[in-house]
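Data first, discussion second: the structure below is written as structure tokens.
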Amino acid sequence: MQHKPAFTLADVTNESALGLTAVVPGDPMAVVTGAHTSEIQDPGRWFEPGSVMLTTGLRFVDAETDSAMAERLVTDMRTAQISALFFGVGIYFAQVPPQLVAACRRAGFPLYTVGENVPFHVVENFINQSKSSPDTYLARRAMWMSNELLDSLSAGDPVKALIERLAAACRGTAVLYEETGRIIEATGEGPTRLIFSELAQHHGPEPLTIGRWHVQSKNLVLRGTGFTVAIATRNKMVLHELGEVLLDTTQRLLGAINGINQVAMSRERHENIQLLTALQDGIPVAREYRHWERMRLFRMIPYEPLRAVVATTVGDAALASGVVTELLERATVAGLGLLLAETGETGDAGGGLHAVVADSSVLTDWLALASGALDIGLSEPFTDLASAPEAFREAETARNIARRRTRAAASPAAGTVVRLDDVDPATWLLALRGSPMTADKITAYARELSSDADLRETVVVFLALDQDVAAVAAHLFVHPNTVRYRLRKAEAILGGPLASAAVIANLYLAFQDDILVFQARGG
């Protein structure tokens with residue numbers, strides 16, 4: 001024979017349409033067998049055990065201060081094993097008479113008020129019909145709980161609201177875990193860490209018991225990531241009656257929230273790319289204010305400093321899938337203003353991205369994440385949106401410097417980040433040697449010197465070690481006089497002394513890449 005679930009006081013008080021407010025809360029698991037209205041003096045003998053009695057307080061009219069009457073009524077209800085007293089306010093009394101409240105509190109007898117606009121027959125029908133047809137009640141309660149969970153979709157943080165409502169519905173704890181065990185959202189007093197540990201060893205949909213807690217869970221996958229939603233309650237019947245309904249509803253709602261977020265993210269990315277493209281193409285000064293307002297959506301404060309960003313993958317590899325999404329999500333979590341778009345591969349570079357980023361305190365951490373796979377160049381800070389095209393040219397120059405530094409590293413494990421405002425003039429000038437004529441001019445200056453491998457190496461080490469002859473000799477394993485001989489020979493080829501600032505400057509421009517490699521590798 002199928003077990004019919006008990007109808008409890010909590011089932012009644014949780015029904016928001018009844019407008020019940022606790023004055024003296026009762027045991028939520030107290031069984032309720034029916035409901036009737038009575039205004040007579042000695043009502044107990046007319047009620048079956050477990051009933052709820054409703055009253056408008058007629059018996060207390062002109063006798064609201066009669067404490068003896070209040071005590072007799074409470075004693076009579078306790079003797080008759082009445083589950084609770086529901087008092088209708090707004091008829092004879094604006095609130096429950098103080099003597100009756102005091103008597104209920106002394107006896108620990110449950111007392112609730114009924115909303116002024118709720119007729120007693122609504123309360124009676126709800127209790128009596130639900131009791132006589134538990135299957136109909138359970139279906140109706142499941143629908144009510146589903147609707148309660150559905151309301152979370154309109155919240156500012158729908159996932160947090162959903163988990164809070166889920167905990168309230170199961171009268172316990174609700175948790176949303178990532179597959180790693182990290183808690184996304186949780187509310188309630190249950191042992192959340194222990195729950196996940198036990199679930200990891202538990203197989204099958206059946207509930208499990210952890211101390212005084214009864215736990216039921218469901219696994220789901222959103223955007224390729226596994227999650228577990230779990231509910232824990234000390235009332236096992238809640239899981240028996242509604243656990244599956246609550247978890248199934250939660251799974252569908254999390255899917256809906258994810259879908260809504262995907263649509264919002266798609267729209268946000270479209271707007272992101274449009275704004276970024278407009279900045280790269282150039283914005284008239286007259287339209288700056290309008291674009292600043294559009295950029296608020298991306299956490300950018302009007303007229304606060306920005307930087308242009310140009311980045312390419314280390315070693316010109318293809319940009320790994322998920323990098324752009326991760327960078328966007330990390331910026332959102334950190335509150336970093338960001339416009340970002342992926343760039344395609346070109347003849348001289350692999351995958352990469354362009355961006356405009358707020359020059360804020362959290363930028364460094366974001367760059368550390370991005371530099372794991374990218375060489376990144378940043379422009380100097382700017383606030384004039386009309387100057388964005390020039391800022392992107394600066395960022396590209398900084399990116400070229402970053403690529404050269406990464407290539408100079410002995411075994412680059414990650415990319416390099418270069419802010420143009422931290423670059424010295426010589427490095428900046430070398431990064432601008434884009435024309436073949438410029439490159440040829442610099443190369444020609446040291447061509448004859450470079451034809452002698454020993455002379456070239458000696459001059460490079462001499463410059464890299466700050467013109468310290470003894471240090472150069474030690475590094476090359478030769479006598480200092482040999483170093484001096486080679487340097488004099490180099491001076492003859494160059495037509496000037498190595499003590500000359502002009503000669504040193506020209507040599508540094510010619511051999512900077514070699515010098516950087518030497519210094520990066522520690523000599």
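To be explicit about the labels: the chains of the structure tokens are called A, B, and onward in the order shown, and within each one the residues are counted from 1, while ligands get numbers from 1 in the order they are shown.
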
For Ala388 of chain A, list every protein, DNA or RNA residue within 10 Å, evaluated using only C-alpha atoms, and leave out those in the same chain fewer than 6 positions away; present the list as a ChimeraX atom specification.
/A:276,278-283,306-308,356,379,382,394

For a quick check of understanding, using only C-alpha atoms, which of A:Leu111, A:Val61, A:Ala70, A:Val221 has the smallest distance to Ile82 of chain A?
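Closest to Ile82 of chain A, using only C-alpha atoms: A:Leu111.
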
Using only C-alpha atoms, pick whichever of A:Ala232, A:Ala161, A:Val122, A:Leu246 has the shortest atom-to-atom distance to Gly190 of chain A.
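Nearest candidate to Gly190 of chain A out of A:Ala232, A:Ala161, A:Val122, A:Leu246: A:Ala232.
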
Using only C-alpha atoms, pick whichever of A:Met77, A:Leu463, A:Ala200, A:Leu166 has the shortest atom-to-atom distance to Gly44 of chain A.
A:Met77

Calculate how many Å separate atom CA of Thr443 of chain A from atom CA of Phe511 of chain A, rounding to one decimal.
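Atom-to-atom, atom CA of Thr443 of chain A to atom CA of Phe511 of chain A, that is 8.8 Å.
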
So which bits of segment 330-365 of chain A end up alpha helix (DSSP H) when you DSSP the backbone, as a ChimeraX atom specification?
/A:330-334,363-365

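One distance worth recording is that between atom CA of Phe392 of chain A and atom CA of Ile376 of chain A, which is 12.0 Å.
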
Name the residues in contact with Arg193 of chain A at a cut-off of 12 Å, using only C-alpha atoms, excluding same-chain residues fewer than 4 positions from it; report them as a PyMOL selection string.
chain A and resi 175-177+180-183+186+189+197-200+210+230
